[in-house]
file protein_21.txt (compact mmCIF, C-alpha atoms)
# COMPACT_ATOMS: atom_id res chain seq x y z
CA MET J 4 122.26 94.60 69.62
CA GLY J 5 120.87 95.57 73.00
CA ILE J 6 119.39 98.33 75.12
CA PHE J 7 120.05 99.72 78.62
CA TYR J 8 117.31 101.64 80.40
CA PHE J 9 118.19 104.41 82.81
CA PRO J 10 116.25 104.58 86.09
CA CYS J 11 112.92 106.31 85.60
CA ASN J 12 110.13 107.80 87.67
CA PHE J 13 107.11 105.70 88.58
CA VAL J 14 104.00 105.62 90.73
CA TYR J 15 103.04 102.26 92.26
CA TRP J 16 99.76 101.57 94.05
CA ARG J 17 98.07 98.73 95.88
CA LYS J 18 95.20 98.21 98.28
CA VAL J 19 96.05 97.90 101.98
CA PRO J 20 94.76 94.45 103.06
CA ASN J 21 93.86 95.50 106.63
CA HIS J 22 92.59 98.97 105.71
CA LYS J 23 89.28 98.85 107.63
CA LYS J 24 91.01 97.78 110.84
CA LEU J 25 93.65 100.50 110.51
CA LYS J 26 91.05 103.16 109.69
CA ASP J 27 88.86 102.23 112.66
CA GLU J 28 91.87 102.41 114.97
CA LEU J 29 93.69 105.48 113.66
CA MET J 30 90.96 107.91 112.58
CA PRO J 31 89.78 108.58 116.18
CA ILE J 32 93.40 109.26 117.17
CA ILE J 33 93.90 111.64 114.26
CA ASP J 34 90.62 113.44 114.99
CA LYS J 35 91.61 113.95 118.65
CA SER J 36 95.26 114.77 118.05
CA SER J 37 96.44 117.83 119.97
CA ILE J 38 98.64 118.70 116.98
CA PHE J 39 95.60 118.99 114.74
CA GLN J 40 95.26 122.13 112.64
CA PRO J 41 92.27 123.08 110.44
CA THR J 42 93.80 121.95 107.15
CA THR J 43 96.98 119.95 107.67
CA SER J 44 98.91 118.72 110.65
CA GLY J 45 101.75 116.33 111.32
CA PHE J 46 103.76 114.35 113.78
CA GLY J 47 107.29 113.01 113.78
CA ALA J 48 108.75 109.61 113.00
CA ASP J 49 108.54 108.46 116.64
CA TYR J 50 104.75 108.74 116.75
CA PHE J 51 103.42 105.17 116.31
CA LYS J 52 107.05 104.20 115.64
CA ASP J 53 106.44 100.49 116.30
CA HIS J 54 102.90 100.35 114.93
CA PRO J 55 102.20 97.40 112.57
CA LEU J 56 101.15 99.80 109.80
CA ILE J 57 104.83 100.64 109.24
CA GLN J 58 105.25 97.09 107.95
CA SER J 59 101.88 96.47 106.29
CA VAL J 60 101.50 99.89 104.64
CA VAL J 61 105.07 101.05 104.08
CA PHE J 62 107.55 98.21 103.82
CA ASP J 63 105.25 95.54 102.35
CA SER J 64 104.35 98.03 99.61
CA ILE J 65 107.99 98.90 98.94
CA ASN J 66 108.91 95.20 98.79
CA GLU J 67 106.18 94.55 96.22
CA LEU J 68 107.29 97.58 94.22
CA VAL J 69 110.96 96.52 94.18
CA LYS J 70 109.96 93.04 93.04
CA ILE J 71 108.13 94.52 90.04
CA LEU J 72 110.99 96.89 89.23
CA ASN J 73 113.51 94.05 89.26
CA GLU J 74 111.45 91.91 86.88
CA ARG J 75 112.17 94.34 84.03
CA GLU J 76 114.83 93.34 81.52
CA GLY J 77 117.58 95.84 80.73
CA PHE J 78 117.21 97.86 83.92
CA GLU J 79 119.73 98.05 86.74
CA LYS J 80 118.43 96.03 89.68
CA THR J 81 117.19 97.84 92.77
CA GLU J 82 118.96 96.09 95.64
CA ILE J 83 118.15 97.66 98.99
CA GLU J 84 120.12 96.67 102.07
CA ASP J 85 118.00 98.53 104.60
CA SER J 86 115.28 101.18 104.76
CA VAL J 87 113.96 103.39 107.54
CA VAL J 88 111.03 105.76 107.90
CA THR J 89 112.66 109.12 108.56
CA ARG J 90 109.44 111.07 109.13
CA TRP J 91 105.71 110.72 108.78
CA TRP J 92 102.66 112.89 109.21
CA TYR J 93 99.02 113.18 108.32
CA ALA J 94 97.15 115.75 106.28
CA LYS J 95 93.47 116.41 106.76
CA TYR J 96 91.48 118.33 104.14
CA ASP J 97 88.69 119.83 106.23
CA ASN J 98 87.27 122.14 103.60
CA SER J 99 85.77 121.51 100.19
CA GLY J 100 88.19 122.84 97.60
CA ALA J 101 91.27 122.25 99.79
CA GLY J 102 94.45 121.20 97.99
CA CYS J 103 98.23 121.20 98.06
CA ALA J 104 100.71 123.00 95.78
CA CYS J 105 103.22 121.17 93.57
CA HIS J 106 106.26 119.96 95.55
CA ASN J 107 108.56 117.02 96.20
CA HIS J 108 110.18 115.55 99.31
CA ASN J 109 113.79 115.34 98.21
CA PRO J 110 115.64 118.67 98.06
CA ASP J 111 118.79 118.63 95.97
CA SER J 112 121.08 119.20 98.95
CA MET J 113 122.77 117.42 101.82
CA GLN J 114 119.30 116.97 103.33
CA SER J 115 118.70 114.07 100.92
CA HIS J 116 121.37 112.06 102.81
CA GLN J 117 121.16 111.21 106.49
CA PHE J 118 123.63 109.62 108.86
CA ILE J 119 121.83 106.96 110.94
CA ASN J 120 123.62 104.45 113.17
CA ASP J 121 126.97 105.11 111.46
CA LYS J 122 125.51 104.53 108.00
CA VAL J 123 124.55 106.93 105.22
CA TYR J 124 120.91 106.63 104.10
CA ARG J 125 119.65 108.24 100.91
CA SER J 126 116.18 109.66 100.53
CA THR J 127 114.39 107.17 98.29
CA PHE J 128 110.62 106.70 98.53
CA THR J 129 107.56 108.61 99.63
CA VAL J 130 104.54 106.57 100.64
CA VAL J 131 101.02 108.04 100.76
CA TYR J 132 98.18 106.08 102.37
CA ILE J 133 94.63 107.32 101.68
CA ILE J 134 93.04 106.39 104.99
CA ASN J 135 89.77 108.34 104.62
CA ASP J 136 88.18 109.85 101.52
CA ILE J 137 84.51 110.01 100.51
CA ASN J 138 85.36 111.61 97.16
CA ARG J 139 84.65 109.40 94.17
CA GLN J 140 88.27 109.44 93.02
CA ASN J 141 91.63 110.39 94.42
CA VAL J 142 92.85 113.74 93.08
CA THR J 143 96.64 113.52 93.55
CA GLU J 144 98.61 114.39 90.42
CA PHE J 145 102.22 113.47 89.65
CA LEU J 146 104.33 115.67 87.45
CA GLN J 147 107.66 115.39 85.66
CA PRO J 148 108.33 119.04 84.73
CA SER J 149 109.41 120.06 81.24
CA GLN J 150 113.00 120.81 82.30
CA LEU J 151 113.31 117.16 83.36
CA GLY J 152 111.59 115.79 80.28
CA ILE J 153 113.06 113.27 77.85
CA ASN J 154 113.53 114.41 74.26
CA SER J 155 112.40 111.12 72.69
CA CYS J 156 108.98 111.39 74.36
CA LYS J 157 106.07 113.03 72.56
CA SER J 158 105.56 115.47 75.43
CA ALA J 159 108.23 117.45 77.30
CA GLN J 160 106.11 117.35 80.44
CA THR J 161 104.51 114.22 81.86
CA LEU J 162 101.40 114.42 84.04
CA PHE J 163 99.74 111.45 85.74
CA ARG J 164 96.28 112.14 87.16
CA THR J 165 95.30 109.43 89.63
CA SER J 166 91.68 110.53 89.23
CA HIS J 167 91.74 108.67 85.90
CA VAL J 168 92.42 105.35 87.68
CA GLN J 169 89.25 103.89 89.15
CA ASP J 170 90.83 101.77 91.89
CA ILE J 171 92.96 104.58 93.39
CA ASN J 172 90.76 105.78 96.25
CA GLU J 173 90.31 105.20 99.98
CA GLY J 174 92.38 102.25 101.19
CA THR J 175 95.03 102.68 98.51
CA VAL J 176 98.71 103.22 99.23
CA LEU J 177 100.88 105.04 96.66
CA VAL J 178 104.67 104.69 96.47
CA PHE J 179 106.88 106.93 94.35
CA PRO J 180 110.40 108.38 94.29
CA SER J 181 110.77 111.15 96.87
CA ASN J 182 111.99 113.57 94.22
CA LEU J 183 108.93 113.10 91.99
CA TYR J 184 106.80 116.25 91.96
CA HIS J 185 103.19 115.90 93.02
CA GLN J 186 100.22 118.09 93.87
CA VAL J 187 96.64 117.89 95.10
CA PRO J 188 94.12 119.98 93.12
CA GLN J 189 90.94 121.06 94.83
CA THR J 190 88.96 118.26 96.47
CA GLU J 191 85.23 118.09 95.87
CA MET J 192 84.19 117.03 99.37
CA LYS J 193 85.83 117.65 102.72
CA GLY J 194 87.17 114.98 105.09
CA ARG J 195 90.01 113.54 103.02
CA VAL J 196 92.81 112.23 105.27
CA ILE J 197 96.15 110.82 104.18
CA LEU J 198 99.14 109.43 106.03
CA SER J 199 102.50 110.22 104.41
CA PHE J 200 105.87 108.60 105.02
CA ASP J 201 109.34 109.56 103.83
CA VAL J 202 111.71 106.60 103.52
CA SER J 203 115.50 106.58 103.26
CA SER J 204 117.53 103.54 102.19
CA ILE J 205 120.96 102.00 101.88
CA PHE J 206 121.67 100.23 98.60
CA LYS J 207 123.82 97.10 98.45
CA HIS J 208 125.86 98.53 95.59
CA TYR J 209 126.22 102.26 96.15
CA PRO J 210 126.68 104.06 92.79
CA LYS J 211 130.21 105.17 92.00
CA MET J 212 128.89 108.42 90.52
CA GLY J 213 127.45 111.18 92.67
CA LEU J 214 128.98 110.10 95.97
CA VAL J 215 128.36 112.48 98.84
CA ASP J 216 130.95 114.03 101.10
CA TYR J 217 130.60 111.78 104.15
CA SER J 218 132.44 114.23 106.40
CA LYS J 219 129.60 116.69 105.89
CA VAL J 220 126.85 114.11 106.17
CA LYS J 221 128.12 113.03 109.60
CA ASN J 222 127.15 116.41 110.94
CA GLU J 223 123.49 115.63 110.25
CA VAL J 224 122.85 113.17 113.04
CA VAL J 225 119.29 111.85 113.10
call {"tool": "encode", "arguments": {"input": "protein_21.txt", "output": "structure tokens"}}
result
Amino acid sequence: MGIFYFPCNFVYWRKVPNHKKLKDELMPIIDKSSIFQPTTSGFGADYFKDHPLIQSVVFDSINELVKILNEREGFEKTEIEDSVVTRWWYAKYDNSGAGCACHNHNPDSMQSHQFINDKVYRSTFTVVYIINDINRQNVTEFLQPSQLGINSCKSAQTLFRTSHVQDINEGTVLVFPSNLYHQVPQTEMKGRVILSFDVSSIFKHYPKMGLVDYSKVKNEVV
């Protein structure tokens, strides 16, 4: 008798240990950014490329997440050889009632694989750091749509409202699969700022199913 669990969606969160220091340093830069737009704005992966927050916010969080995932019995181990931040940006909600429509960061196409330094990286994680938010609770919602639901579950559609978790607020970093749908309903008070990171990885044991056509991937040089 036994059981094997297929990989599943998740949302992991933790507090950023040096949040106050990062906020004091980065918020003035974000406020003065020439790329700033009234609601959302962004910058590429090379902006702050070597900043310590890449380690403390992104990779330390992913390492903690992978450790938890691998402690589960019956699940295939997540063994990552290398990960890179492929892009990152900030979003600033300057109006009360501002939000963001349901979306994910991993289109089902060749864009989910990137050729970097002669290696193929797969889109894996999205990391969201709530760097400034005076709202009482975070409002991000995560959604597994009905067409992706699991028959043995009581509901065909799964919705996780982070507003129901008291310790998810300013200073929290969220990590989730890049293909997990998420949305931001209307915020109560303006001024919410998040930093978002898309991460791609190489796994030590690449799955034998669903291999990509490398000849096509090579054309997408990063």
call {"tool": "residues_around", "arguments": {"input": "protein_21.txt", "residues": "Val176 of chain J", "least_positions_apart": "6", "cutoff": "6 Å", "atoms": "all atoms listed in the file", "output": "ChimeraX atom specification"}}
result
/J:16-17,131-132
call {"tool": "closest_residue", "arguments": {"input": "protein_21.txt", "among": "J:Asp27, J:Gln189, J:Arg139, J:Gln117", "to": "Gln169 of chain J", "atoms": "only C-alpha atoms"}}
result
J:Arg139
call {"tool": "residues_around", "arguments": {"input": "protein_21.txt", "residues": "segment 30-37 of chain J", "least_positions_apart": "6", "cutoff": "9 Å", "atoms": "only C-alpha atoms", "output": "list in words"}}
result
Tyr93, Lys95, Ile134, Asn135 and Val196 of chain J
call {"tool": "closest_residue", "arguments": {"input": "protein_21.txt", "among": "J:His54, J:Ser115, J:Asp97, J:Asn172", "to": "Leu29 of chain J", "atoms": "only C-alpha atoms"}}
result
J:His54
call {"tool": "closest_residue", "arguments": {"input": "protein_21.txt", "among": "J:Ile57, J:Val130, J:Ile83, J:Met192", "to": "Val178 of chain J", "atoms": "all atoms listed in the file"}}
result
J:Val130
call {"tool": "atom_distance", "arguments": {"input": "protein_21.txt", "atom1": "atom CA of Gln147 of chain J", "atom2": "atom CA of Asn182 of chain J"}}
result
9.8 Å
call {"tool": "atom_distance", "arguments": {"input": "protein_21.txt", "atom1": "atom CA of Ala104 of chain J", "atom2": "atom CA of Ser203 of chain J"}}
result
23.3 Å
call {"tool": "closest_residue", "arguments": {"input": "protein_21.txt", "among": "J:Thr81, J:Ser59, J:Asn141, J:Ser181", "to": "Asn107 of chain J", "atoms": "only C-alpha atoms"}}
result
J:Ser181
call {"tool": "closest_residue", "arguments": {"input": "protein_21.txt", "among": "J:Ile6, J:Leu25, J:Val187, J:Val123", "to": "Gly77 of chain J", "atoms": "all atoms listed in the file"}}
result
J:Ile6
call {"tool": "closest_residue", "arguments": {"input": "protein_21.txt", "among": "J:Asp121, J:Glu144, J:Glu84, J:Glu191", "to": "Thr161 of chain J", "atoms": "all atoms listed in the file"}}
result
J:Glu144
call {"tool": "atom_distance", "arguments": {"input": "protein_21.txt", "atom1": "atom CA of Ser64 of chain J", "atom2": "atom CA of Ser149 of chain J"}}
result
29.1 Å
call {"tool": "residues_around", "arguments": {"input": "protein_21.txt", "residues": "Phe206 of chain J", "least_positions_apart": "3", "cutoff": "12 Å", "atoms": "all atoms listed in the file", "output": "NGL selection string"}}
result
:J and (80-86 or 122-127 or 203 or 209-211)
call {"tool": "residues_around", "arguments": {"input": "protein_21.txt", "residues": "Ile65 of chain J", "least_positions_apart": "3", "cutoff": "10 Å", "atoms": "only C-alpha atoms", "output": "tab-separated table (two decimals) with C-alpha atoms, keeping the file's coordinate frame"}}
result
chain	number	residue	atom	x	y	z
J	15	TYR	CA	103.04	102.26	92.26
J	16	TRP	CA	99.76	101.57	94.05
J	58	GLN	CA	105.25	97.09	107.95
J	59	SER	CA	101.88	96.47	106.29
J	60	VAL	CA	101.50	99.89	104.64
J	61	VAL	CA	105.07	101.05	104.08
J	62	PHE	CA	107.55	98.21	103.82
J	68	LEU	CA	107.29	97.58	94.22
J	69	VAL	CA	110.96	96.52	94.18
J	70	LYS	CA	109.96	93.04	93.04
J	71	ILE	CA	108.13	94.52	90.04
J	86	SER	CA	115.28	101.18	104.76
J	128	PHE	CA	110.62	106.70	98.53
J	129	THR	CA	107.56	108.61	99.63
J	130	VAL	CA	104.54	106.57	100.64
J	177	LEU	CA	100.88	105.04	96.66
J	178	VAL	CA	104.67	104.69	96.47
J	179	PHE	CA	106.88	106.93	94.35
J	202	VAL	CA	111.71	106.60	103.52
call {"tool": "build_atoms", "arguments": {"input": "protein_21.txt", "residues": "segment 180-209 of chain J", "atoms": "N, CA and C atoms", "output": "short mmCIF file (atom, residue, chain, number, x, y, z; two decimals), in the coordinates of the input"}}
result
data_model
loop_
_atom_site.label_atom_id
_atom_site.label_comp_id
_atom_site.auth_asym_id
_atom_site.auth_seq_id
_atom_site.Cartn_x
_atom_site.Cartn_y
_atom_site.Cartn_z
N PRO J 180 109.13 107.80 93.89
CA PRO J 180 110.40 108.38 94.29
C PRO J 180 110.18 109.71 95.02
N SER J 181 110.97 109.95 96.07
CA SER J 181 110.77 111.15 96.87
C SER J 181 110.98 112.43 96.09
N ASN J 182 111.74 112.36 94.99
CA ASN J 182 111.99 113.57 94.22
C ASN J 182 110.99 113.77 93.07
N LEU J 183 109.96 112.93 93.01
CA LEU J 183 108.93 113.10 91.99
C LEU J 183 107.94 114.18 92.44
N TYR J 184 107.72 115.17 91.60
CA TYR J 184 106.80 116.25 91.96
C TYR J 184 105.36 115.76 91.97
N HIS J 185 104.60 116.28 92.92
CA HIS J 185 103.19 115.90 93.02
C HIS J 185 102.41 117.06 93.63
N GLN J 186 101.10 117.03 93.40
CA GLN J 186 100.22 118.09 93.87
C GLN J 186 98.82 117.54 94.09
N VAL J 187 98.03 118.28 94.85
CA VAL J 187 96.64 117.89 95.10
C VAL J 187 95.75 119.06 94.68
N PRO J 188 95.08 118.94 93.52
CA PRO J 188 94.12 119.98 93.12
C PRO J 188 92.96 120.02 94.12
N GLN J 189 92.05 120.89 93.90
CA GLN J 189 90.94 121.06 94.83
C GLN J 189 90.11 119.78 94.96
N THR J 190 89.83 119.41 96.21
CA THR J 190 88.96 118.26 96.47
C THR J 190 87.50 118.69 96.41
N GLU J 191 86.64 117.76 95.98
CA GLU J 191 85.23 118.09 95.87
C GLU J 191 84.55 118.14 97.23
N MET J 192 84.84 117.13 98.06
CA MET J 192 84.19 117.03 99.37
C MET J 192 85.23 116.98 100.48
N LYS J 193 84.90 117.58 101.61
CA LYS J 193 85.83 117.65 102.72
C LYS J 193 85.97 116.30 103.43
N GLY J 194 86.99 116.19 104.28
CA GLY J 194 87.17 114.98 105.09
C GLY J 194 88.26 114.05 104.61
N ARG J 195 88.93 114.39 103.51
CA ARG J 195 90.01 113.54 103.02
C ARG J 195 91.18 113.56 104.00
N VAL J 196 91.68 112.36 104.35
CA VAL J 196 92.81 112.23 105.27
C VAL J 196 93.83 111.27 104.67
N ILE J 197 95.08 111.70 104.65
CA ILE J 197 96.15 110.82 104.18
C ILE J 197 97.25 110.73 105.23
N LEU J 198 97.92 109.60 105.25
CA LEU J 198 99.14 109.43 106.03
C LEU J 198 100.29 109.40 105.04
N SER J 199 101.34 110.16 105.31
CA SER J 199 102.50 110.22 104.41
C SER J 199 103.76 109.80 105.15
N PHE J 200 104.64 109.11 104.44
CA PHE J 200 105.87 108.60 105.02
C PHE J 200 107.03 108.89 104.07
N ASP J 201 108.11 109.43 104.59
CA ASP J 201 109.34 109.56 103.83
C ASP J 201 110.30 108.46 104.25
N VAL J 202 110.85 107.76 103.27
CA VAL J 202 111.71 106.60 103.52
C VAL J 202 113.09 106.85 102.95
N SER J 203 114.12 106.52 103.73
CA SER J 203 115.50 106.58 103.26
C SER J 203 116.09 105.17 103.29
N SER J 204 117.03 104.91 102.37
CA SER J 204 117.53 103.54 102.19
C SER J 204 119.03 103.52 102.00
N ILE J 205 119.58 102.33 102.25
CA ILE J 205 120.96 102.00 101.88
C ILE J 205 120.89 100.96 100.77
N PHE J 206 121.64 101.18 99.70
CA PHE J 206 121.67 100.23 98.60
C PHE J 206 122.89 99.32 98.74
N LYS J 207 122.73 98.07 98.33
CA LYS J 207 123.82 97.10 98.45
C LYS J 207 125.03 97.52 97.62
N HIS J 208 124.77 98.08 96.45
CA HIS J 208 125.86 98.53 95.59
C HIS J 208 125.70 100.02 95.38
N TYR J 209 126.35 100.81 96.22
CA TYR J 209 126.22 102.26 96.15
C TYR J 209 126.83 102.75 94.84
#
